[in-house]
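Asks: What follows is structure-v4.tsv; its format and atoms are TSV, C-alpha atoms and all ligand atoms.
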```
chain	number	residue	atom	x	y	z
H	102	MET	CA	110.84	114.49	121.39
H	103	ARG	CA	114.26	113.68	122.90
H	104	ASN	CA	113.57	111.49	125.87
H	105	LEU	CA	111.95	108.79	123.82
H	106	THR	CA	111.08	105.48	125.43
H	107	GLN	CA	109.27	102.33	124.33
H	108	SER	CA	106.09	103.73	125.78
H	109	ASN	CA	106.10	107.33	124.52
H	110	ILE	CA	107.55	106.98	121.01
H	111	THR	CA	104.18	105.98	119.52
H	112	ASP	CA	102.54	109.21	120.73
H	113	ALA	CA	105.48	111.24	119.41
H	114	VAL	CA	105.03	109.76	115.93
H	115	LEU	CA	101.25	110.22	116.09
H	116	GLN	CA	101.68	113.90	116.99
H	117	SER	CA	103.88	114.36	113.95
H	118	ILE	CA	101.00	113.57	111.57
H	119	ASP	CA	98.64	116.24	112.90
H	120	GLY	CA	98.86	118.04	109.56
H	121	ALA	CA	97.86	115.00	107.46
H	122	GLN	CA	96.23	115.94	104.16
H	123	SER	CA	92.82	114.44	104.90
H	124	PRO	CA	90.93	113.00	107.89
H	125	ARG	CA	90.85	109.58	106.24
H	126	LEU	CA	94.60	109.61	105.63
H	127	LYS	CA	95.14	110.60	109.25
H	128	GLN	CA	92.86	107.77	110.44
H	129	ILE	CA	94.75	105.23	108.34
H	130	PHE	CA	98.23	106.38	109.37
H	131	THR	CA	97.24	106.64	113.04
H	132	SER	CA	96.08	103.04	113.04
H	133	LEU	CA	99.03	101.83	110.97
H	134	ILE	CA	101.57	103.46	113.29
H	135	ARG	CA	99.83	102.12	116.40
H	136	HIS	CA	99.67	98.57	115.07
H	137	LEU	CA	103.24	98.62	113.72
H	138	HIS	CA	104.60	99.89	117.01
H	139	ASP	CA	102.56	97.43	119.05
H	140	PHE	CA	103.77	94.60	116.81
H	141	THR	CA	107.40	95.73	117.14
H	142	ARG	CA	107.12	95.89	120.93
H	143	GLU	CA	105.21	92.60	121.17
H	144	VAL	CA	107.83	90.55	119.31
H	145	GLU	CA	110.77	92.68	120.54
H	146	LEU	CA	112.06	92.89	116.99
H	147	THR	CA	115.86	92.56	116.66
H	148	HIS	CA	117.98	94.57	114.24
H	149	GLU	CA	118.58	91.43	112.15
H	150	GLU	CA	114.84	90.76	111.90
H	151	TRP	CA	114.12	94.37	110.93
H	152	GLU	CA	116.82	94.11	108.25
H	153	ALA	CA	115.23	90.89	106.96
H	154	ALA	CA	111.93	92.77	106.57
H	155	VAL	CA	113.65	95.60	104.67
H	156	ASP	CA	115.42	93.02	102.51
H	157	PHE	CA	112.05	91.38	101.74
H	158	CYS	CA	110.71	94.71	100.45
H	159	PHE	CA	113.87	95.36	98.45
H	160	LYS	CA	113.71	91.93	96.78
H	161	ALA	CA	109.96	92.28	96.15
H	162	GLY	CA	110.63	95.55	94.34
H	163	GLN	CA	113.48	94.06	92.32
H	164	ILE	CA	111.49	91.08	91.05
H	165	SER	CA	108.33	93.09	90.27
H	166	THR	CA	107.38	93.96	86.69
H	167	PRO	CA	104.05	95.15	85.21
H	168	VAL	CA	103.01	91.48	84.97
H	169	ARG	CA	104.76	90.21	88.10
H	170	GLN	CA	103.54	92.22	91.08
H	171	GLU	CA	105.34	90.70	94.07
H	172	PHE	CA	103.73	93.09	96.57
H	173	ILE	CA	100.27	91.99	95.43
H	174	LEU	CA	101.39	88.39	95.84
H	175	ALA	CA	102.66	89.08	99.36
H	176	SER	CA	99.36	90.78	100.23
H	177	ASP	CA	97.51	87.78	98.77
H	178	VAL	CA	99.33	85.05	100.71
H	179	LEU	CA	98.99	87.04	103.95
H	180	GLY	CA	95.21	87.17	103.41
H	181	VAL	CA	95.15	90.98	103.19
H	182	SER	CA	93.77	91.13	99.63
H	183	SER	CA	90.95	88.76	100.58
H	184	LEU	CA	90.25	90.67	103.78
H	185	VAL	CA	89.81	93.84	101.71
H	186	ASP	CA	87.42	91.91	99.43
H	187	ILE	CA	85.41	90.56	102.34
H	188	ILE	CA	85.14	93.97	104.05
H	189	ASN	CA	83.95	95.60	100.84
H	190	ASP	CA	81.55	92.77	99.98
H	191	LYS	CA	79.45	93.62	103.08
H	192	ALA	CA	77.06	95.65	100.98
H	193	ALA	CA	76.93	93.18	98.11
H	194	GLN	CA	73.17	92.47	98.59
H	195	GLY	CA	72.86	89.50	96.30
H	196	ALA	CA	75.63	90.54	93.94
H	197	THR	CA	78.38	88.05	93.15
H	198	GLU	CA	81.12	87.90	95.78
H	199	THR	CA	84.51	89.21	94.73
H	200	SER	CA	87.81	87.36	94.79
H	201	VAL	CA	91.43	88.43	94.36
H	202	LEU	CA	92.57	89.89	91.04
H	203	GLY	CA	95.97	88.20	91.30
H	204	PRO	CA	99.07	89.38	89.48
H	205	PHE	CA	98.36	87.90	86.02
H	206	PHE	CA	95.56	90.05	84.63
H	207	ILE	CA	96.58	91.80	81.41
H	208	GLU	CA	94.64	94.80	80.13
H	209	GLY	CA	93.39	94.52	76.55
H	210	SER	CA	92.90	90.79	75.93
H	211	PRO	CA	91.88	89.64	72.43
H	212	GLU	CA	88.18	89.59	71.48
H	213	LEU	CA	86.53	86.19	71.92
H	214	ALA	CA	85.88	84.65	68.50
H	215	GLU	CA	82.36	84.18	67.13
H	216	GLY	CA	81.12	80.88	68.63
H	217	GLY	CA	82.92	81.50	71.93
H	218	ASP	CA	85.95	79.22	71.48
H	219	MET	CA	88.93	80.02	73.71
H	220	ILE	CA	90.40	76.49	73.49
H	221	GLU	CA	92.22	76.74	70.17
H	222	ASP	CA	95.27	74.42	70.33
H	223	ASN	CA	95.31	73.99	74.11
H	224	PRO	CA	95.47	70.44	75.46
H	225	GLY	CA	93.09	69.72	78.38
H	226	ASP	CA	89.50	68.70	79.13
H	227	PRO	CA	87.13	70.81	77.03
H	228	GLY	CA	83.90	72.24	78.35
H	229	VAL	CA	81.60	75.23	78.39
H	230	VAL	CA	80.88	78.09	80.80
H	231	PHE	CA	77.76	80.12	80.22
H	232	GLY	CA	75.14	82.17	82.02
H	233	ARG	CA	74.01	85.76	82.37
H	234	VAL	CA	75.12	89.03	83.89
H	235	LEU	CA	72.32	90.50	86.00
H	236	ASP	CA	71.49	93.73	87.83
H	237	PRO	CA	70.39	93.77	91.50
H	238	ASP	CA	66.75	93.22	90.42
H	239	GLY	CA	67.75	90.11	88.47
H	240	LEU	CA	67.31	91.85	85.13
H	241	PRO	CA	69.83	91.09	82.36
H	242	ILE	CA	72.61	93.57	81.60
H	243	ALA	CA	73.21	93.73	77.85
H	244	GLY	CA	76.64	94.68	76.50
H	245	ALA	CA	78.54	94.07	79.77
H	246	LEU	CA	82.27	93.76	79.09
H	247	MET	CA	83.64	90.47	80.46
H	248	GLU	CA	87.35	89.73	80.61
H	249	VAL	CA	88.35	86.17	81.35
H	250	TRP	CA	91.75	84.54	81.99
H	251	GLN	CA	93.03	81.20	83.22
H	252	THR	CA	96.11	78.98	83.23
H	253	ALA	CA	97.00	76.55	80.46
H	254	ALA	CA	97.23	72.81	81.15
H	255	ASN	CA	100.80	73.33	82.42
H	256	GLY	CA	99.48	75.51	85.27
H	257	GLN	CA	101.03	78.69	83.80
H	258	TYR	CA	99.43	81.96	82.71
H	259	GLN	CA	100.33	83.24	79.26
H	260	ALA	CA	101.36	86.52	80.94
H	261	VAL	CA	104.48	84.83	82.34
H	262	ASP	CA	104.94	81.80	80.05
H	263	PRO	CA	106.85	82.50	76.82
H	264	SER	CA	105.95	79.01	75.51
H	265	GLN	CA	102.31	80.12	75.03
H	266	PRO	CA	101.12	82.20	72.08
H	267	GLU	CA	100.23	85.83	72.79
H	268	GLY	CA	96.68	86.10	74.18
H	269	ASN	CA	96.38	82.39	74.99
H	270	LEU	CA	93.47	81.61	77.34
H	271	ARG	CA	92.60	85.25	77.98
H	272	ARG	CA	89.75	86.96	76.17
H	273	ARG	CA	87.26	89.80	76.29
H	274	MET	CA	83.61	89.43	75.31
H	275	ARG	CA	80.28	91.25	75.68
H	276	THR	CA	76.97	89.92	76.93
H	277	ASP	CA	74.21	89.76	74.29
H	278	THR	CA	70.89	91.62	74.42
H	279	ALA	CA	69.56	89.06	76.95
H	280	GLY	CA	72.64	89.54	79.18
H	281	ARG	CA	74.02	86.12	78.16
H	282	TYR	CA	77.64	85.03	77.75
H	283	PHE	CA	79.10	81.78	76.43
H	284	LEU	CA	82.67	80.48	76.53
H	285	LYS	CA	84.27	77.21	75.41
H	286	THR	CA	87.47	76.49	77.28
H	287	ILE	CA	89.62	73.80	78.90
H	288	LYS	CA	89.12	72.77	82.50
H	289	PRO	CA	91.36	74.90	84.71
H	290	VAL	CA	94.00	73.10	86.80
H	291	SER	CA	95.34	73.75	90.29
H	292	TYR	CA	98.68	75.55	90.23
H	293	LYS	CA	101.28	77.09	92.50
H	294	VAL	CA	101.60	80.84	92.95
H	295	PRO	CA	105.13	81.98	91.98
H	296	VAL	CA	107.65	80.86	94.60
H	297	ASP	CA	110.84	82.11	92.94
H	298	GLY	CA	110.75	85.45	94.78
H	299	PRO	CA	110.76	86.63	98.41
H	300	THR	CA	107.07	85.68	98.86
H	301	GLY	CA	107.99	82.07	98.03
H	302	ASP	CA	110.74	82.20	100.66
H	303	MET	CA	108.22	83.60	103.14
H	304	LEU	CA	105.72	80.79	102.41
H	305	HIS	CA	108.49	78.24	102.88
H	306	ALA	CA	109.59	79.85	106.16
H	307	MET	CA	105.98	79.75	107.42
H	308	GLY	CA	105.73	76.04	106.55
H	309	ARG	CA	103.04	76.64	103.92
H	310	HIS	CA	102.38	75.36	100.41
H	311	ALA	CA	101.77	77.60	97.38
H	312	TRP	CA	98.84	75.83	95.70
H	313	ARG	CA	95.65	77.47	94.44
H	314	PRO	CA	92.59	75.38	93.56
H	315	ALA	CA	91.65	75.34	89.85
H	316	HIS	CA	89.74	78.47	88.84
H	317	ILE	CA	88.80	80.83	86.02
H	318	HIS	CA	89.14	84.59	86.52
H	319	PHE	CA	86.47	87.11	85.50
H	320	LYS	CA	86.47	90.90	85.44
H	321	ILE	CA	83.09	92.35	84.46
H	322	LYS	CA	82.25	95.98	83.73
H	323	ALA	CA	79.01	97.65	82.67
H	324	GLU	CA	77.95	101.29	82.65
H	325	GLY	CA	76.17	102.31	85.85
H	326	PHE	CA	77.52	99.32	87.82
H	327	LEU	CA	80.57	98.67	89.99
H	328	PRO	CA	83.22	96.53	88.28
H	329	LEU	CA	83.26	92.93	89.51
H	330	VAL	CA	86.53	91.01	89.92
H	331	THR	CA	85.98	87.39	90.81
H	332	GLN	CA	86.79	83.74	90.10
H	333	LEU	CA	84.90	80.48	89.67
H	334	PHE	CA	86.51	77.54	91.46
H	335	GLU	CA	86.30	73.81	90.81
H	336	ASP	CA	84.52	72.57	93.92
H	337	THR	CA	86.18	69.12	94.10
H	338	ASP	CA	89.74	70.43	93.77
H	339	THR	CA	92.27	69.05	96.29
H	340	TYR	CA	93.10	72.59	97.40
H	341	ILE	CA	89.57	74.02	97.54
H	342	ASP	CA	89.79	74.42	101.32
H	343	GLU	CA	93.44	75.44	101.49
H	344	ASP	CA	93.88	78.11	98.85
H	345	ALA	CA	97.30	79.78	99.33
H	346	VAL	CA	95.67	83.19	98.80
H	347	PHE	CA	92.36	82.63	100.66
H	348	GLY	CA	90.25	83.54	97.61
H	349	VAL	CA	87.61	80.77	97.70
H	350	ARG	CA	84.01	81.56	98.73
H	351	ASP	CA	81.20	79.03	98.93
H	352	SER	CA	79.18	80.94	96.36
H	353	LEU	CA	82.07	80.80	93.87
H	354	ALA	CA	82.76	77.03	94.13
H	355	VAL	CA	81.03	75.31	91.21
H	356	SER	CA	80.79	71.81	89.80
H	357	PHE	CA	82.70	71.04	86.58
H	358	GLN	CA	80.91	67.69	86.28
H	359	PRO	CA	81.71	65.54	83.27
H	360	ASN	CA	78.80	65.14	80.86
H	361	HIS	CA	78.79	61.95	78.76
H	362	SER	CA	76.07	62.82	76.25
H	363	GLU	CA	77.44	62.87	72.69
H	364	GLU	CA	74.22	64.57	71.62
H	365	GLU	CA	74.69	67.45	74.05
H	366	ALA	CA	78.40	67.71	73.27
H	367	ALA	CA	77.56	68.04	69.57
H	368	LYS	CA	75.42	71.10	70.36
H	369	TYR	CA	78.63	72.83	71.41
H	370	ASP	CA	80.70	71.30	68.63
H	371	LEU	CA	82.53	69.18	71.23
H	372	LYS	CA	82.99	65.44	71.82
H	373	ALA	CA	81.83	63.68	75.00
H	374	PRO	CA	82.85	63.67	77.74
H	375	PHE	CA	82.83	67.41	78.27
H	376	TRP	CA	82.01	69.52	81.32
H	377	LYS	CA	79.48	72.27	81.75
H	378	VAL	CA	79.25	75.18	84.19
H	379	GLU	CA	76.28	77.52	84.25
H	380	TYR	CA	76.76	80.65	86.37
H	381	ASP	CA	74.93	83.98	86.58
H	382	PHE	CA	76.98	86.97	87.78
H	383	GLY	CA	75.31	89.80	89.69
H	384	LEU	CA	76.62	93.38	89.56
H	385	ARG	CA	76.13	96.16	92.12
H	386	LYS	CA	74.85	99.59	91.12
H	387	ALA	CA	77.60	102.22	90.98
H	401	LIG	C1	95.80	84.07	90.52
H	401	LIG	O1	94.77	83.51	90.77
H	401	LIG	O2	96.11	84.25	89.35
H	401	LIG	C2	96.68	84.48	91.64
H	401	LIG	C3	96.12	85.13	92.72
H	401	LIG	C4	96.94	85.51	93.76
H	401	LIG	C5	98.29	85.25	93.71
H	401	LIG	C6	98.83	84.59	92.63
H	401	LIG	C7	98.02	84.20	91.58
H	402	FE	FE	94.63	82.49	88.95
```
Using structure tokens, write down the structure from this file.
Ligand code: BEZ
Ligand code: FE
Replies:
Amino acid sequence: MRNLTQSNITDAVLQSIDGAQSPRLKQIFTSLIRHLHDFTREVELTHEEWEAAVDFCFKAGQISTPVRQEFILASDVLGVSSLVDIINDKAAQGATETSVLGPFFIEGSPELAEGGDMIEDNPGDPGVVFGRVLDPDGLPIAGALMEVWQTAANGQYQAVDPSQPEGNLRRRMRTDTAGRYFLKTIKPVSYKVPVDGPTGDMLHAMGRHAWRPAHIHFKIKAEGFLPLVTQLFEDTDTYIDEDAVFGVRDSLAVSFQPNHSEEEAAKYDLKAPFWKVEYDFGLRKA
């Protein structure tokens, strides 16, 4: 333990976790320590660089609030959140692919009004999203709880934008007896992830932009099924292939095509042109 060198310090730290509380915890810490040490040796980290990393964590903690989770954001822009999604989607077997939760989900959104209107006074291009929530056999799931949230036309979430009324563009709803849902909303817009904290500085230092392609978030829960956290993306968005948080999947990119039929628009109590997205979500058994 005293004559530590670059090559034996890793084993010394690994020995120290022999009494880890569970085999899984030991596996995770063993790998973490190995990779961290290898990384430190590989780049020959200087004291100043190590201090910069500590300072990043300090600043991330300082700027974090219940609705501004800077560590989640850092994980997102480094692709870790999406990697976790992809690893755990392996067994999806026809269920909808997951995508990052992001930092702006708020528990307990208002109930969607009868008729499905989430637009209210929001400016933007109106349209409809509808479809079903299905089990692995393709059978409808009645009474599934769906929570939905998106940015306003200014590219901001209500969670962090005091100019928006409480509950704006976030709702909860339940599927009907045939597993159907229906939502009237504005077309989402592309927006930048927050860059006013240390993650923004990191993006800048890496020579990257902060844009996400336009999307709507969904969190769906039903008894006997695993919760689904995902997003639907506008497939022609400028940033569809360069999402700052690597959340886009082919199966989640959909067309928000304008529809010019006044007759069809009237069915939804809208004026043409409007857009229409039909999407069925699939849940996995718990
Ligand atoms: C979002 O889509 O809301 C989001 C996801 C990751 C980081 C920032 C925002
Ligand atoms: Fe988002």
Asks: Can you list, as a PyMOL selection string, every protein, DNA or RNA residue that comes within 8 Å of Phe382 of chain H when you count all atoms listed in the file, leaving out same-chain residues fewer than 3 positions away?
Replies: chain H and resi 196-197+232-235
Asks: Mind checking which residues fall within 7 Å of segment 242-247 of chain H, counting only C-alpha atoms, ignoring those fewer than 3 positions away in the same chain, and posting them as a list in words?
Replies: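 Surrounding residues, per the criterion: Val234, Leu235, Asp236, Arg273, Met274, Arg275, Thr276, Asp277, Thr278, Ala279, Gly280, Phe319, Lys320, Ile321, Lys322 and Ala323 of chain H.
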Asks: Around all the atoms of ligand LIG 401 (chain H) listed in the file, draw an axis-aligned box and extend it by 5 Å on each of the six sides; I want its centre and edge lengths in Å to one decimal, as lines of an AutoDock Vina configuration file.
Replies:
```
center_x = 96.8
center_y = 84.5
center_z = 91.6
size_x = 14.1
size_y = 12.0
size_z = 14.4
```
Asks: Go through the chains and note each residue within 9 Å of ligand LIG 401 (chain H), using all atoms listed in the file, then give the set as a count of residues only.
Replies: 35
Asks: Compute the distance from (109.1, 100.7, 113.8) to each atom, counting only C-alpha atoms, keep the residues with any atom at most 12 Å away, and return them as a PyMOL selection string; use the coordinates of the file.
Replies: chain H and resi 107+110-111+114+133-148+150-152+154-155
Asks: Using only C-alpha atoms and all ligand atoms, which of the listed residues (H:Val349, H:Gly325, H:Asp342, H:Pro241) sits closest to ligand FE 402 (chain H)?
Replies: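 Residue with the minimum atom-to-atom distance to ligand FE 402 (chain H): H:Val349.
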Asks: Name the residues in contact with Ile207 of chain H at a cut-off of 10 Å, using only C-alpha atoms, excluding same-chain residues fewer than 6 positions from it; report them as a PDB file with C-alpha atoms, in the frame of the given file.
Replies:
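File produced: around_30.pdb:
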```
ATOM      1  CA  PRO H 167     104.050  95.150  85.210  1.00  0.00           C
ATOM      2  CA  VAL H 168     103.010  91.480  84.970  1.00  0.00           C
ATOM      3  CA  GLU H 248      87.350  89.730  80.610  1.00  0.00           C
ATOM      4  CA  VAL H 249      88.350  86.170  81.350  1.00  0.00           C
ATOM      5  CA  TRP H 250      91.750  84.540  81.990  1.00  0.00           C
ATOM      6  CA  GLN H 259     100.330  83.240  79.260  1.00  0.00           C
ATOM      7  CA  ALA H 260     101.360  86.520  80.940  1.00  0.00           C
ATOM      8  CA  GLY H 268      96.680  86.100  74.180  1.00  0.00           C
ATOM      9  CA  ARG H 271      92.600  85.250  77.980  1.00  0.00           C
ATOM     10  CA  ARG H 272      89.750  86.960  76.170  1.00  0.00           C
TER      11      ARG H 272
END
```
Asks: Measure the distance from atom CA of Thr339 of chain H to atom CA of Pro359 of chain H in Å and round it to one decimal.
Replies: 17.1 Å
Asks: Give the answer as one residue: which of H:Asp302, H:Asp351, H:Glu149, H:Asp344 has the shortest atom-to-atom distance to ligand FE 402 (chain H), using all atoms listed in the file?
Replies: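 The shortest atom-to-atom distance to ligand FE 402 (chain H) comes from H:Asp344.
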Asks: Rounded to one decimal in Å, what is the spacing between atom CA of Thr106 of chain H and atom CA of Ala121 of chain H?
Replies: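 That distance, rounded to one decimal, is 24.3 Å.
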Asks: Just how far from atom CA of Ser165 of chain H is atom CA of Ala306 of chain H, in Å to one decimal?
Replies: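 Computing it gives 20.7 Å between the two atoms.
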Asks: Measuring atom to atom with all atoms listed in the file, identify which of H:Val290, H:Arg385, H:Tyr282, H:Lys368 is nearest to Gly256 of chain H.
Replies: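 Ranked by minimum distance to Gly256 of chain H, first place goes to H:Val290.
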Asks: Which residue out of H:Ser362, H:Gln257, H:Ser117, H:Thr300 has the minimum interatomic distance to ligand FE 402 (chain H) when all atoms listed in the file are used?
Replies: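 Of all the options, H:Gln257 lies closest to ligand FE 402 (chain H).
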Asks: Measuring between only C-alpha atoms and all ligand atoms, which one of H:Ala253, H:Val355, H:Leu384, H:Leu304 shows the shortest distance to ligand FE 402 (chain H)?
Replies: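 Among the listed residues, the smallest separation from ligand FE 402 (chain H) belongs to H:Ala253.
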Asks: Which is closer to ligand FE 402 (chain H) than all the others in H:Pro328, H:Met307, H:Asp297, H:Pro289, using all atoms listed in the file?
Replies: H:Pro289
Asks: Would you kindly return, as a PyMOL selection string, each protein, DNA or RNA residue with an atom no farther than 10 Å from any atom of Asn189 of chain H, considering only C-alpha atoms and excluding same-chain residues fewer than 6 positions away?
Replies: chain H and resi 183+198-199
Asks: Find the residues near Glu365 of chain H: any atom within 12 Å, counting all atoms listed in the file, skip ones fewer than 2 places away on the same chain, and give them as a list in words.
Replies: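 Here the qualifying residues turn out to be Gly228, Val229, Pro359, Asn360, His361, Ser362, Glu363, Ala367, Lys368, Tyr369, Asp370, Leu371, Lys372, Ala373, Pro374, Phe375, Trp376 and Lys377 of chain H.
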